[in-house]
$ cat input.txt   # compact mmCIF, C-alpha atoms and all ligand atoms
# COMPACT_ATOMS: atom_id res chain seq x y z
CA MET A 23 -33.48 11.76 32.72
CA MET A 24 -31.83 13.21 29.65
CA ASN A 25 -33.99 15.63 27.69
CA SER A 26 -33.34 16.84 24.19
CA MET A 27 -31.85 20.08 25.58
CA SER A 28 -29.16 18.20 27.51
CA MET A 29 -28.19 15.77 24.74
CA LYS A 30 -24.69 16.30 23.44
CA PRO A 31 -24.48 16.79 19.68
CA ARG A 32 -23.13 13.68 17.97
CA ASN A 33 -19.75 14.06 16.27
CA LYS A 34 -20.27 14.23 12.54
CA VAL A 35 -19.49 10.85 10.96
CA VAL A 36 -17.95 11.13 7.51
CA THR A 37 -18.02 7.90 5.55
CA LEU A 38 -15.49 7.07 2.85
CA SER A 39 -18.19 7.32 0.18
CA GLN A 40 -19.27 10.75 1.41
CA PHE A 41 -15.67 11.95 1.61
CA ILE A 42 -14.94 10.78 -1.94
CA ALA A 43 -18.15 12.35 -3.26
CA ASP A 44 -17.19 15.68 -1.61
CA GLU A 45 -13.66 15.44 -3.11
CA GLN A 46 -15.13 14.72 -6.52
CA GLU A 47 -17.37 17.77 -6.30
CA LYS A 48 -14.31 19.94 -5.62
CA THR A 49 -12.55 18.62 -8.73
CA PRO A 50 -13.75 20.45 -11.84
CA GLY A 51 -14.50 18.08 -14.72
CA ALA A 52 -14.22 14.90 -12.60
CA SER A 53 -16.13 12.11 -14.35
CA GLY A 54 -16.75 10.02 -11.23
CA ASN A 55 -14.87 7.00 -12.59
CA LEU A 56 -12.18 7.23 -9.92
CA SER A 57 -14.86 7.39 -7.23
CA LYS A 58 -16.37 4.23 -8.66
CA ILE A 59 -13.02 2.46 -8.47
CA PHE A 60 -12.88 3.36 -4.77
CA ARG A 61 -16.36 1.91 -4.37
CA ASP A 62 -15.05 -1.36 -5.86
CA ILE A 63 -11.91 -1.36 -3.70
CA LYS A 64 -14.05 -0.65 -0.63
CA LEU A 65 -16.28 -3.64 -1.37
CA ALA A 66 -13.32 -5.99 -1.84
CA ALA A 67 -11.71 -4.62 1.34
CA LYS A 68 -14.87 -5.43 3.32
CA LEU A 69 -14.95 -8.95 1.87
CA MET A 70 -11.29 -9.35 2.79
CA HIS A 71 -11.97 -8.09 6.32
CA ARG A 72 -14.57 -10.83 6.63
CA ASP A 73 -12.22 -13.51 5.24
CA VAL A 74 -9.23 -12.43 7.31
CA ASN A 75 -11.29 -12.51 10.46
CA LYS A 76 -12.46 -16.05 9.93
CA ALA A 77 -9.08 -17.25 8.67
CA GLY A 78 -8.74 -19.67 11.57
CA LEU A 79 -12.23 -21.09 11.16
CA VAL A 80 -12.36 -22.04 7.52
CA ASP A 81 -10.02 -23.69 5.14
CA ILE A 82 -8.14 -20.63 3.93
CA LEU A 83 -4.93 -20.79 5.92
CA GLY A 84 -1.75 -22.27 4.59
CA ALA A 85 -0.17 -22.82 1.23
CA HIS A 86 -2.15 -22.90 -2.00
CA GLY A 87 0.28 -25.41 -3.46
CA SER A 88 1.53 -23.27 -6.33
CA THR A 89 4.19 -20.63 -6.87
CA ASN A 90 3.80 -17.18 -8.43
CA VAL A 91 5.91 -15.73 -11.24
CA GLN A 92 8.64 -14.82 -8.78
CA GLY A 93 8.94 -18.39 -7.52
CA GLU A 94 7.36 -17.61 -4.15
CA GLU A 95 4.85 -19.86 -2.45
CA VAL A 96 1.30 -18.62 -2.91
CA LYS A 97 -0.91 -18.72 0.15
CA LYS A 98 -4.56 -19.49 -0.11
CA LEU A 99 -5.47 -16.07 1.23
CA ASP A 100 -3.23 -14.49 -1.46
CA VAL A 101 -5.38 -16.17 -4.08
CA ILE A 102 -8.61 -15.23 -2.34
CA ALA A 103 -7.51 -11.59 -2.08
CA ASN A 104 -6.41 -11.50 -5.70
CA ASP A 105 -9.76 -12.94 -6.83
CA GLU A 106 -11.80 -10.63 -4.64
CA PHE A 107 -10.11 -7.42 -5.75
CA ILE A 108 -10.02 -8.42 -9.41
CA SER A 109 -13.68 -9.52 -9.41
CA SER A 110 -14.82 -6.32 -7.79
CA ILE A 111 -12.77 -4.09 -10.11
CA THR A 112 -13.79 -6.09 -13.19
CA ALA A 113 -17.48 -5.90 -12.25
CA GLY A 114 -17.20 -2.14 -11.70
CA GLY A 115 -15.94 -1.69 -15.27
CA ASP A 116 -13.82 1.41 -14.64
CA CYS A 117 -10.35 -0.07 -15.28
CA CYS A 118 -8.80 -1.11 -18.57
CA ALA A 119 -6.07 -3.26 -16.95
CA ILE A 120 -4.80 -4.63 -13.65
CA ILE A 121 -1.34 -5.70 -12.72
CA SER A 122 -1.07 -7.80 -9.60
CA GLU A 123 1.69 -9.48 -7.66
CA GLU A 124 -0.23 -12.73 -8.14
CA GLU A 125 -0.68 -12.40 -11.91
CA ASP A 126 2.18 -13.17 -14.28
CA TYR A 127 0.99 -10.80 -16.99
CA ILE A 128 -1.25 -7.77 -17.47
CA ARG A 129 -4.92 -8.66 -16.92
CA HIS A 130 -6.88 -6.78 -19.61
CA LEU A 131 -10.28 -5.40 -18.59
CA ASN A 132 -12.71 -2.90 -20.14
CA PRO A 133 -10.98 -1.24 -23.14
CA ASP A 134 -13.36 1.73 -22.80
CA ALA A 135 -12.15 2.55 -19.29
CA LYS A 136 -9.42 5.08 -18.60
CA TYR A 137 -7.69 3.79 -15.46
CA VAL A 138 -5.07 1.12 -14.71
CA ILE A 139 -4.54 -0.44 -11.27
CA ALA A 140 -1.42 -2.04 -9.86
CA MET A 141 -1.94 -4.05 -6.69
CA ASP A 142 -0.46 -6.28 -4.05
CA PRO A 143 -3.69 -8.00 -2.99
CA LEU A 144 -2.20 -9.52 0.14
CA ASP A 145 0.91 -7.97 1.63
CA GLY A 146 2.68 -9.71 4.48
CA SER A 147 1.69 -13.26 3.48
CA SER A 148 4.08 -14.81 5.99
CA ASN A 149 1.92 -13.28 8.72
CA ILE A 150 -1.30 -14.98 7.68
CA ASP A 151 -0.83 -18.21 9.58
CA VAL A 152 0.31 -16.48 12.77
CA ASN A 153 -2.58 -14.04 13.16
CA ALA A 154 -0.43 -10.95 12.60
CA VAL A 155 -1.20 -7.84 10.60
CA ILE A 156 -1.53 -8.03 6.81
CA GLY A 157 -2.67 -5.60 4.13
CA THR A 158 -3.57 -4.77 0.55
CA ILE A 159 -1.75 -2.11 -1.49
CA PHE A 160 -3.06 -0.34 -4.62
CA SER A 161 -1.92 2.27 -7.09
CA ILE A 162 -4.05 3.91 -9.80
CA TYR A 163 -2.87 5.50 -13.08
CA ARG A 164 -4.63 7.17 -15.98
CA ARG A 165 -3.89 5.22 -19.17
CA VAL A 166 -1.75 6.89 -21.82
CA SER A 167 -3.08 4.92 -24.82
CA PRO A 168 -6.40 5.92 -26.44
CA ILE A 169 -9.64 4.96 -24.70
CA GLY A 170 -11.41 2.21 -26.66
CA THR A 171 -8.25 0.22 -27.35
CA LYS A 172 -6.60 -2.66 -25.50
CA ALA A 173 -4.43 -1.36 -22.64
CA THR A 174 -0.70 -1.46 -23.32
CA GLU A 175 2.44 -2.14 -21.35
CA GLU A 176 3.13 1.59 -21.49
CA ASP A 177 -0.17 2.19 -19.63
CA CYS A 178 0.92 -0.21 -16.91
CA LEU A 179 4.56 0.81 -16.62
CA GLN A 180 4.32 4.48 -15.70
CA LYS A 181 6.54 6.28 -13.23
CA GLY A 182 5.17 6.72 -9.72
CA VAL A 183 4.91 10.48 -10.24
CA ASN A 184 2.01 9.75 -12.62
CA GLN A 185 -0.12 8.03 -9.96
CA VAL A 186 -3.55 9.60 -9.61
CA ALA A 187 -4.29 7.74 -6.39
CA ALA A 188 -2.71 5.18 -4.11
CA GLY A 189 -3.55 3.54 -0.84
CA TYR A 190 -3.60 0.52 1.37
CA VAL A 191 -5.98 -1.46 3.49
CA ILE A 192 -4.58 -2.69 6.79
CA TYR A 193 -6.25 -5.67 8.47
CA GLY A 194 -5.10 -5.11 12.05
CA SER A 195 -6.74 -4.60 15.41
CA SER A 196 -9.19 -2.73 13.24
CA THR A 197 -9.40 -2.61 9.46
CA MET A 198 -8.44 0.71 7.92
CA LEU A 199 -8.29 2.12 4.41
CA VAL A 200 -5.70 4.89 3.94
CA TYR A 201 -5.41 6.71 0.61
CA THR A 202 -4.23 9.75 -1.25
CA THR A 203 -5.20 11.39 -4.50
CA GLY A 204 -2.39 13.92 -4.19
CA ASN A 205 -4.20 16.22 -1.75
CA GLY A 206 -2.84 14.78 1.47
CA VAL A 207 -3.54 11.44 3.08
CA ASN A 208 -6.75 10.41 4.82
CA GLY A 209 -7.44 7.29 6.85
CA PHE A 210 -10.80 5.57 7.36
CA THR A 211 -11.58 2.88 9.93
CA LEU A 212 -14.12 0.16 9.23
CA ASP A 213 -16.97 0.35 11.71
CA ILE A 214 -18.37 -3.14 11.44
CA SER A 215 -21.54 -2.16 13.29
CA ILE A 216 -22.55 0.03 10.33
CA GLY A 217 -20.49 -1.80 7.69
CA ASP A 218 -18.74 1.33 6.48
CA PHE A 219 -15.34 3.01 6.55
CA CYS A 220 -15.47 6.24 8.60
CA LEU A 221 -12.95 9.09 8.54
CA SER A 222 -10.70 8.56 11.57
CA HIS A 223 -7.34 10.02 10.50
CA PRO A 224 -8.01 13.23 8.55
CA ASP A 225 -5.03 14.85 6.82
CA PHE A 226 -2.62 12.27 8.12
CA LYS A 227 0.94 13.69 8.56
CA THR A 228 4.01 11.76 9.61
CA PRO A 229 6.43 13.30 12.15
CA SER A 230 9.61 14.72 10.57
CA THR A 231 11.67 12.40 12.76
CA GLY A 232 11.13 9.48 15.11
CA LYS A 233 12.71 6.74 17.19
CA ILE A 234 11.81 3.63 15.17
CA TYR A 235 13.89 1.83 12.57
CA SER A 236 12.44 -1.09 10.62
CA ILE A 237 14.60 -3.46 8.63
CA ASN A 238 15.18 -7.22 8.42
CA GLU A 239 18.46 -7.22 10.33
CA GLY A 240 18.87 -10.93 9.63
CA ASN A 241 20.33 -9.73 6.33
CA PHE A 242 22.82 -7.42 8.10
CA HIS A 243 25.96 -9.03 6.71
CA GLN A 244 24.67 -8.61 3.17
CA PHE A 245 23.81 -4.90 3.45
CA PRO A 246 25.86 -2.14 1.77
CA GLN A 247 28.38 -0.56 4.16
CA GLY A 248 26.39 2.71 4.34
CA ILE A 249 23.30 0.88 5.65
CA LYS A 250 25.45 -0.96 8.21
CA ASP A 251 26.88 2.39 9.35
CA TYR A 252 23.43 3.93 9.64
CA LEU A 253 22.17 0.94 11.66
CA LYS A 254 25.14 1.31 14.01
CA LYS A 255 24.08 4.91 14.57
CA CYS A 256 20.47 3.81 15.27
CA LYS A 257 21.73 1.40 17.94
CA GLU A 258 24.09 3.94 19.50
CA ALA A 259 21.10 6.26 19.80
CA SER A 260 19.09 3.43 21.45
CA MET A 261 16.34 3.71 18.88
CA SER A 262 13.60 1.07 18.81
CA ALA A 263 13.84 -1.76 16.27
CA ARG A 264 10.36 -2.70 15.04
CA TYR A 265 9.81 -5.09 12.12
CA ILE A 266 6.67 -7.10 11.48
CA GLY A 267 7.60 -8.33 7.99
CA SER A 268 4.47 -6.87 6.46
CA MET A 269 5.28 -3.63 4.67
CA VAL A 270 1.78 -2.24 5.20
CA ALA A 271 1.97 -2.82 8.95
CA ASP A 272 5.54 -1.52 9.32
CA PHE A 273 4.77 1.51 7.16
CA HIS A 274 1.50 2.31 8.94
CA ARG A 275 3.09 2.22 12.38
CA ASN A 276 6.01 4.36 11.28
CA MET A 277 3.71 6.88 9.59
CA ILE A 278 1.86 7.37 12.85
CA LYS A 279 4.80 7.33 15.24
CA GLY A 280 7.65 8.60 13.06
CA GLY A 281 10.37 6.26 11.85
CA ILE A 282 12.29 4.80 8.95
CA PHE A 283 11.57 1.65 6.93
CA MET A 284 14.36 0.11 4.85
CA TYR A 285 14.57 -2.81 2.47
CA PRO A 286 17.95 -2.22 0.83
CA GLN A 287 19.81 -4.28 -1.72
CA THR A 288 21.57 -7.35 -0.39
CA GLU A 289 24.23 -9.58 -1.89
CA LYS A 290 21.54 -12.12 -2.80
CA ALA A 291 18.99 -9.52 -3.97
CA PRO A 292 20.87 -6.70 -5.73
CA ASN A 293 17.63 -4.74 -6.28
CA GLY A 294 16.16 -5.46 -2.87
CA LYS A 295 12.97 -7.44 -2.47
CA LEU A 296 10.06 -5.05 -2.73
CA ARG A 297 8.25 -4.44 -5.98
CA LEU A 298 8.19 -1.00 -7.57
CA MET A 299 4.74 -0.95 -9.16
CA TYR A 300 2.52 -2.27 -6.38
CA GLU A 301 4.56 -1.89 -3.19
CA CYS A 302 7.12 0.92 -3.38
CA ASN A 303 5.39 3.46 -5.64
CA PRO A 304 2.05 3.54 -3.81
CA MET A 305 3.77 3.70 -0.41
CA ALA A 306 6.13 6.40 -1.70
CA PHE A 307 3.17 8.50 -2.87
CA LEU A 308 1.46 8.15 0.51
CA CYS A 309 4.70 8.81 2.36
CA GLU A 310 5.44 12.02 0.46
CA GLN A 311 1.85 13.19 0.80
CA ALA A 312 2.16 12.68 4.56
CA GLY A 313 5.34 14.81 4.61
CA GLY A 314 7.89 11.97 4.45
CA LYS A 315 10.43 10.85 1.86
CA ALA A 316 10.97 7.68 -0.17
CA THR A 317 14.14 6.85 -2.06
CA THR A 318 16.09 3.93 -3.48
CA GLY A 319 19.15 5.47 -1.83
CA SER A 320 20.17 7.19 -5.04
CA GLN A 321 16.85 8.26 -6.59
CA ARG A 322 13.37 9.32 -5.54
CA ILE A 323 11.23 6.15 -5.76
CA MET A 324 8.48 7.84 -7.76
CA GLU A 325 10.98 8.88 -10.45
CA VAL A 326 12.29 5.39 -11.13
CA GLU A 327 11.62 4.42 -14.76
CA PRO A 328 9.74 1.10 -14.69
CA THR A 329 10.86 -1.56 -17.13
CA GLU A 330 9.05 -4.69 -15.89
CA LEU A 331 5.75 -5.42 -14.16
CA HIS A 332 7.37 -7.20 -11.23
CA GLN A 333 10.50 -5.04 -10.98
CA ARG A 334 12.17 -4.74 -7.57
CA VAL A 335 13.86 -1.68 -6.10
CA PRO A 336 15.73 -0.98 -2.87
CA VAL A 337 13.67 1.30 -0.62
CA ILE A 338 14.32 3.68 2.25
CA MET A 339 11.20 5.57 3.36
CA GLY A 340 9.60 7.37 6.25
CA SER A 341 10.25 10.48 8.33
CA ALA A 342 12.06 13.02 6.14
CA GLU A 343 14.97 13.82 8.48
CA MET A 344 15.69 10.14 9.10
CA VAL A 345 15.66 9.29 5.41
CA ASP A 346 18.04 12.19 4.71
CA ASP A 347 20.34 10.99 7.50
CA CYS A 348 20.33 7.41 6.22
CA VAL A 349 21.08 8.54 2.65
CA ALA A 350 23.95 10.69 3.92
CA HIS A 351 25.62 7.46 5.14
CA LEU A 352 25.46 5.76 1.72
P1 LIG A 401 4.24 -10.13 0.11
O1 LIG A 401 3.63 -10.83 1.29
O2 LIG A 401 3.25 -9.33 -0.68
O3 LIG A 401 5.09 -11.04 -0.75
O4 LIG A 401 5.21 -8.99 0.67
C1 LIG A 401 6.12 -9.29 1.68
C2 LIG A 401 7.11 -8.19 1.70
C3 LIG A 401 6.75 -7.01 2.59
O5 LIG A 401 5.48 -6.97 3.06
C4 LIG A 401 7.72 -7.10 3.73
O6 LIG A 401 8.13 -5.83 4.08
C5 LIG A 401 8.84 -7.94 3.22
O7 LIG A 401 8.33 -8.72 2.19
C6 LIG A 401 9.42 -8.84 4.26
O8 LIG A 401 10.48 -9.52 3.70
P2 LIG A 401 11.55 -10.31 4.59
O9 LIG A 401 10.86 -11.49 5.13
O10 LIG A 401 12.65 -10.64 3.63
O11 LIG A 401 12.02 -9.36 5.66
MN MN A 402 3.87 -7.33 -0.52
MN MN A 403 1.55 -9.97 -1.68

$ encode --input "input.txt" --output "structure tokens" --more "lines below"
Ligand code: AHG
Ligand code: MN
Ligand code: MN
Amino acid sequence: MMNSMSMKPRNKVVTLSQFIADEQEKTPGASGNLSKIFRDIKLAAKLMHRDVNKAGLVDILGAHGSTNVQGEEVKKLDVIANDEFISSITAGGDCCAIISEEEDYIRHLNPDAKYVIAMDPLDGSSNIDVNAVIGTIFSIYRRVSPIGTKATEEDCLQKGVNQVAAGYVIYGSSTMLVYTTGNGVNGFTLDISIGDFCLSHPDFKTPSTGKIYSINEGNFHQFPQGIKDYLKKCKEASMSARYIGSMVADFHRNMIKGGIFMYPQTEKAPNGKLRLMYECNPMAFLCEQAGGKATTGSQRIMEVEPTELHQRVPVIMGSAEMVDDCVAHL
């Protein structure tokens, strides 16, 4: 029989809320508003976890029957995710505006709040119907216009270097929330038995190089010559091609294992496919904070001057040495 003397001490469980509260305490003058936004994101992420996991049981699979501003088919789960995150953030009251992949224009919220969020509520939509990994991406900025006024386009179109926080939720074999506030990257796994995200990947760093390259090679003939040359090198080195078609999933795997993710310009899409404000900038912030690099091929992603809410940019990101090598081919 086990007595109290022989019991092993339990590993200390750090929940996301506790971690954020500790971080806030270390930040002199922090108002707590950012922590409250994380509380709202966490709630929406848990609701999404629930919805994603019953996607096959209820009527949420398949097309919604409308198209978004970029002419793409909107899936039902895209709409559900958009509504869940926006409702939670609106109810929390700590953001003055949201921009979302699924919203044509800026959604104005509490004029007395000081933060703006950009988000891709459901990333990897084409994976929904086939039970593969999907995610949510978010990016948080401090507004530049005065508190108490309606948020402006300038508040919503800031360079990635101005992000105060960014992260993603990945709905995979487990659900994780990974974020940065500029002091490294930390990952939290949802323990459904206690209904909370627990610190599982503290101070997440990506290897400086790796063996994985991720790109939609179906577009090979449309790639710039430099990308074709780099891909030839990847094949000659017998690297592993891995591409899920969900940026969150491809990025997450490469962050852990080391690798490079590319969505370059093509003949049909001269600026690539991925969106600067709610896909590339947040992932670039996380990538750099984990020790990696993120570039358009000619410029650091986070220094690109945004001009439109749904702007696209080519992206090459991941392990620093691999990104440098790829860029050297361009
Ligand atoms: P979303 O589902 O939010 O529209 O994003 C899909 C994106 C990204 O997740 C992925 O890396 C890329 O589109 C895949 O595009 P291709 O199918 O052209 O490879
Ligand atoms: Mn996306
Ligand atoms: Mn999306």

$ residues_near_ligand --input "input.txt" --ligand "ligand MN 402 (chain A)" --cutoff "6 Å" --atoms "all atoms listed in the file" --output "ChimeraX atom specification"
/A:142,145-146

$ atom_distance --input "input.txt" --atom1 "atom CA of Gly194 of chain A" --atom2 "atom CA of Ile156 of chain A"
7.0 Å

$ closest_atom_pairs --input "input.txt" --of "chain A" --to "ligand LIG 401 (chain A)" --cutoff "7 Å" --atoms "only C-alpha atoms and all ligand atoms" --output "Markdown table"
| residue | atom | partner | partner_atom | distance |
| --- | --- | --- | --- | --- |
| A:Asp142 | CA | A:LIG401 | O2 | 5.9 |
| A:Leu144 | CA | A:LIG401 | O2 | 5.5 |
| A:Asp145 | CA | A:LIG401 | O2 | 3.6 |
| A:Gly146 | CA | A:LIG401 | O1 | 3.5 |
| A:Ser147 | CA | A:LIG401 | O1 | 3.8 |
| A:Ser148 | CA | A:LIG401 | O1 | 6.2 |
| A:Asn238 | CA | A:LIG401 | O11 | 4.7 |
| A:Gly267 | CA | A:LIG401 | C6 | 4.2 |
| A:Ser268 | CA | A:LIG401 | O5 | 3.5 |
| A:Met269 | CA | A:LIG401 | O6 | 3.6 |
| A:Val270 | CA | A:LIG401 | O5 | 6.4 |
| A:Lys295 | CA | A:LIG401 | O7 | 6.7 |
| A:Leu296 | CA | A:LIG401 | C2 | 6.2 |

$ closest_residue --input "input.txt" --among "A:Arg275, A:Lys172, A:Lys68, A:Lys233" --to "Ile216 of chain A" --atoms "only C-alpha atoms"
A:Lys68

$ closest_residue --input "input.txt" --among "A:Cys302, A:Gly248, A:Tyr235, A:Glu123" --to "Gln92 of chain A" --atoms "only C-alpha atoms"
A:Glu123

$ atom_distance --input "input.txt" --atom1 "atom CA of Asn303 of chain A" --atom2 "atom CA of Gln247 of chain A"
25.3 Å

$ closest_residue --input "input.txt" --among "A:Met261, A:Ile266, A:Ile121, A:Ile159" --to "ligand MN 403 (chain A)" --atoms "all atoms listed in the file"
A:Ile159
